[in-house]
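Heads up: the structure comes next, in structure tokens.
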Amino acid sequence: MTARILIAEDHPHSLELMRYLLQAHGYTVLTAVDGELALTLARHERPDLIVCDLQMPKMNGYEVAFQIKRDERLCHIPLIAVTAFSMIGDREKVLASGFDGYFSKPIEVERFVAELEQYLPPSLRAQSRGDARSGGETWP
Ligand code: MN
């Protein structure tokens with residue numbers, strides 16, 4: 001079984017790129033275009049991983065992180081920030097705010113899924129990688 005991943009991102013192109021990459025690897029993707037919706041979806045759907053933009057309408061990513069990490073039903077879910085900010089010190093602020101990881105935009109197409117998967121337990125990672133590996137080992 002592959003993970004259900006919630007993407008919270010108000011920028012349409014970034015949202016569609018991340019959705020496309022994750023779905024292409026076999027993940028089920030839920031999307032939210034603002035922080036309030038992200039929190040509502042997180043509470044109702046209990047995704048396996050949350051990717052969260054920092055600058056969003058209604059509730060920003062820091063507030064989303066605060067609410068998720070104080071909720072005992074949600075606090076175990078890996079929460080990964082994605083942001084265009086690249087200022088020195090931003091990463092530390094993000095991690096200090098409850099996020100478990102941090103990605104800088106623009107999304108690196110070649111690495112995004114593989115790096116995100118490091119936050120998933122192996123049992124929830126897409127099978128395509130494992131199949132490709134074992135296939136290579138067993139093919140005559
Ligand atoms: Mn944004």
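Scheme for the structure tokens: letters A, B, ... for chains in order shown; per-chain residue numbers from 1; ligand numbers from 1 in order shown.
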
Close residues, range 50-56 of chain A itself excluded, 10 Å, only C-alpha atoms, min 5 positions apart in chain, as number ranges by chain: A: 4-11, 14-15, 18, 29-36, 38, 42, 61-65, 77-85, 94, 99-105, 116

Which of range 25-70 of chain A DSSP labels alpha helix (DSSP H), written as a list in words: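 Of range 25-70 of chain A, the ones in alpha helix (DSSP H) are Gly35, Glu36, Leu37, Ala38, Leu39, Thr40, Leu41, Ala42, Arg43, His44, Glu45, Gly61, Tyr62, Glu63, Val64, Ala65, Phe66, Gln67, Ile68 and Lys69 of chain A.
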
Go ahead and save the residues from that selection, with all heavy atoms, as a compact mmCIF listing (two decimals), in the first residue's frame.
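Once written, out04.txt looks like this:
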```
# COMPACT_ATOMS: atom_id res chain seq x y z
N GLY A 35 -4.33 27.22 4.09
CA GLY A 35 -3.98 26.56 5.34
C GLY A 35 -5.16 25.99 6.10
O GLY A 35 -5.07 24.92 6.70
N GLU A 36 -6.28 26.70 6.06
CA GLU A 36 -7.47 26.20 6.76
C GLU A 36 -7.94 24.89 6.17
O GLU A 36 -8.27 23.94 6.89
CB GLU A 36 -8.61 27.24 6.68
CG GLU A 36 -8.47 28.37 7.68
CD GLU A 36 -9.66 29.32 7.62
OE1 GLU A 36 -10.65 29.02 6.91
OE2 GLU A 36 -9.58 30.37 8.27
N LEU A 37 -7.98 24.85 4.84
CA LEU A 37 -8.40 23.61 4.17
C LEU A 37 -7.41 22.49 4.45
O LEU A 37 -7.80 21.34 4.65
CB LEU A 37 -8.53 23.87 2.66
CG LEU A 37 -9.09 22.75 1.80
CD1 LEU A 37 -10.44 22.26 2.33
CD2 LEU A 37 -9.21 23.21 0.35
N ALA A 38 -6.14 22.83 4.47
CA ALA A 38 -5.12 21.82 4.76
C ALA A 38 -5.35 21.19 6.13
O ALA A 38 -5.28 19.97 6.30
CB ALA A 38 -3.73 22.45 4.70
N LEU A 39 -5.63 22.02 7.12
CA LEU A 39 -5.85 21.52 8.48
C LEU A 39 -7.12 20.67 8.55
O LEU A 39 -7.14 19.60 9.18
CB LEU A 39 -5.93 22.71 9.44
CG LEU A 39 -5.81 22.39 10.93
CD1 LEU A 39 -4.53 21.63 11.23
CD2 LEU A 39 -5.88 23.68 11.73
N THR A 40 -8.17 21.13 7.88
CA THR A 40 -9.43 20.37 7.85
C THR A 40 -9.21 19.00 7.20
O THR A 40 -9.65 17.97 7.73
CB THR A 40 -10.50 21.15 7.07
OG1 THR A 40 -10.74 22.39 7.74
CG2 THR A 40 -11.80 20.36 7.00
N LEU A 41 -8.52 18.99 6.06
CA LEU A 41 -8.26 17.73 5.38
C LEU A 41 -7.37 16.82 6.22
O LEU A 41 -7.58 15.61 6.28
CB LEU A 41 -7.59 17.99 4.03
CG LEU A 41 -8.50 18.20 2.82
CD1 LEU A 41 -7.67 18.53 1.59
CD2 LEU A 41 -9.34 16.95 2.58
N ALA A 42 -6.38 17.39 6.87
CA ALA A 42 -5.48 16.59 7.71
C ALA A 42 -6.28 15.90 8.81
O ALA A 42 -6.09 14.72 9.09
CB ALA A 42 -4.40 17.47 8.31
N ARG A 43 -7.22 16.64 9.41
CA ARG A 43 -8.01 16.08 10.52
C ARG A 43 -8.98 15.03 10.05
O ARG A 43 -9.22 14.04 10.75
CB ARG A 43 -8.75 17.21 11.24
CG ARG A 43 -7.80 18.06 12.08
CD ARG A 43 -8.50 19.22 12.76
NE ARG A 43 -7.59 19.85 13.72
CZ ARG A 43 -7.60 21.14 14.03
NH1 ARG A 43 -8.48 21.95 13.47
NH2 ARG A 43 -6.73 21.62 14.90
N HIS A 44 -9.55 15.21 8.85
CA HIS A 44 -10.55 14.26 8.36
C HIS A 44 -9.93 13.06 7.68
O HIS A 44 -10.47 11.96 7.74
CB HIS A 44 -11.52 14.97 7.39
CG HIS A 44 -12.52 15.84 8.08
ND1 HIS A 44 -13.82 15.47 8.26
CD2 HIS A 44 -12.38 17.05 8.64
CE1 HIS A 44 -14.46 16.43 8.92
NE2 HIS A 44 -13.62 17.40 9.16
N GLU A 45 -8.80 13.26 7.01
CA GLU A 45 -8.24 12.20 6.15
C GLU A 45 -7.03 11.50 6.75
O GLU A 45 -6.65 10.43 6.29
CB GLU A 45 -7.86 12.78 4.78
CG GLU A 45 -9.03 13.38 4.00
CD GLU A 45 -10.02 12.32 3.55
OE1 GLU A 45 -9.61 11.16 3.40
OE2 GLU A 45 -11.20 12.65 3.35
N GLY A 61 1.76 28.42 6.72
CA GLY A 61 2.31 27.11 7.03
C GLY A 61 2.77 26.97 8.47
O GLY A 61 2.68 25.89 9.05
N TYR A 62 3.26 28.05 9.05
CA TYR A 62 3.70 27.98 10.45
C TYR A 62 2.52 27.69 11.37
O TYR A 62 2.64 26.92 12.32
CB TYR A 62 4.38 29.29 10.85
CG TYR A 62 5.70 29.53 10.16
CD1 TYR A 62 5.83 30.51 9.19
CD2 TYR A 62 6.82 28.77 10.49
CE1 TYR A 62 7.04 30.74 8.55
CE2 TYR A 62 8.03 28.98 9.86
CZ TYR A 62 8.14 29.97 8.89
OH TYR A 62 9.34 30.18 8.26
N GLU A 63 1.38 28.33 11.08
CA GLU A 63 0.19 28.09 11.89
C GLU A 63 -0.34 26.67 11.70
O GLU A 63 -0.79 26.03 12.66
CB GLU A 63 -0.91 29.11 11.54
CG GLU A 63 -0.54 30.54 11.90
CD GLU A 63 -1.56 31.53 11.34
OE1 GLU A 63 -2.57 31.76 12.01
OE2 GLU A 63 -1.34 32.05 10.23
N VAL A 64 -0.29 26.21 10.45
CA VAL A 64 -0.70 24.83 10.18
C VAL A 64 0.18 23.86 10.98
O VAL A 64 -0.32 22.93 11.62
CB VAL A 64 -0.61 24.52 8.67
CG1 VAL A 64 -0.84 23.03 8.41
CG2 VAL A 64 -1.62 25.36 7.89
N ALA A 65 1.48 24.10 10.96
CA ALA A 65 2.41 23.23 11.68
C ALA A 65 2.11 23.26 13.18
O ALA A 65 2.11 22.21 13.84
CB ALA A 65 3.85 23.69 11.43
N PHE A 66 1.84 24.44 13.71
CA PHE A 66 1.54 24.56 15.15
C PHE A 66 0.31 23.73 15.50
O PHE A 66 0.30 22.98 16.49
CB PHE A 66 1.32 26.04 15.51
CG PHE A 66 0.96 26.26 16.95
CD1 PHE A 66 1.93 26.22 17.94
CD2 PHE A 66 -0.36 26.51 17.30
CE1 PHE A 66 1.59 26.43 19.26
CE2 PHE A 66 -0.71 26.71 18.63
CZ PHE A 66 0.26 26.66 19.61
N GLN A 67 -0.74 23.84 14.68
CA GLN A 67 -1.98 23.12 14.96
C GLN A 67 -1.81 21.61 14.80
O GLN A 67 -2.38 20.83 15.56
CB GLN A 67 -3.10 23.61 14.03
CG GLN A 67 -3.49 25.07 14.24
CD GLN A 67 -4.08 25.33 15.63
OE1 GLN A 67 -4.63 24.42 16.26
NE2 GLN A 67 -3.94 26.56 16.12
N ILE A 68 -1.06 21.20 13.79
CA ILE A 68 -0.87 19.76 13.56
C ILE A 68 -0.03 19.14 14.67
O ILE A 68 -0.33 18.07 15.18
CB ILE A 68 -0.25 19.53 12.17
CG1 ILE A 68 -1.34 19.74 11.10
CG2 ILE A 68 0.36 18.12 12.06
CD1 ILE A 68 -0.85 19.63 9.69
N LYS A 69 1.03 19.83 15.06
CA LYS A 69 1.94 19.24 16.05
C LYS A 69 1.40 19.28 17.47
O LYS A 69 1.91 18.59 18.36
CB LYS A 69 3.31 19.91 15.95
CG LYS A 69 4.06 19.58 14.65
CD LYS A 69 4.21 18.07 14.44
CE LYS A 69 4.90 17.73 13.14
NZ LYS A 69 5.04 16.27 12.94
```

Sel. of strand (DSSP E) residues, range 6-137 of chain A, as a list of chain:residue names: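 DSSP on the backbone gives strand (DSSP E) at A:Leu6, A:Ile7, A:Ala8, A:Thr28, A:Val29, A:Leu30, A:Thr31, A:Ala32, A:Leu49, A:Ile50, A:Val51, A:Cys52, A:Asp53, A:Leu79, A:Ile80, A:Ala81, A:Val82, A:Thr83, A:Gly101, A:Tyr102, A:Phe103, A:Ser104.
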
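Proximity of A:Gly98, A:Thr2, A:Pro106, A:Pro12 to Gly26 in chain A, computed with only C-alpha atoms, is greatest for A:Thr2.
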
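Going from CA of Gln118 in chain A to CA of Met1 in chain A covers 16.1 Å.
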
Separation of CA of Glu16 in chain A from CA of Val109 in chain A, in Å and rounded to one decimal: 12.1 Å

Residue nearest ligand 1 - candidates A:Met59, A:Ala96, A:Ala126, A:Leu120, atoms counted: only C-alpha atoms and all ligand atoms: A:Met59

Interatomic distance, CA of Tyr119 in chain A to CA of Leu17 in chain A (Å, one decimal):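 Between CA of Tyr119 in chain A and CA of Leu17 in chain A the gap works out to 19.3 Å.
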
Pick from A:Gln23, A:Asn60, A:Arg91, A:Gln127 nearest to ligand 1, counting only C-alpha atoms and all ligand atoms: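 Using only C-alpha atoms and all ligand atoms, the shortest distance to ligand 1 belongs to A:Asn60.
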
Minimum-distance residue to ligand 1, chosen among A:Pro57, A:Ala3, A:Ala24, A:Ser97 (using only C-alpha atoms and all ligand atoms):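 Among the listed residues, the smallest separation from ligand 1 belongs to A:Pro57.
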
Using only C-alpha atoms: which of A:Glu117, A:Glu108, A:Asp48, A:Glu92 has the shortest distance to His76 in chain A: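 Nearest to His76 in chain A: A:Asp48.
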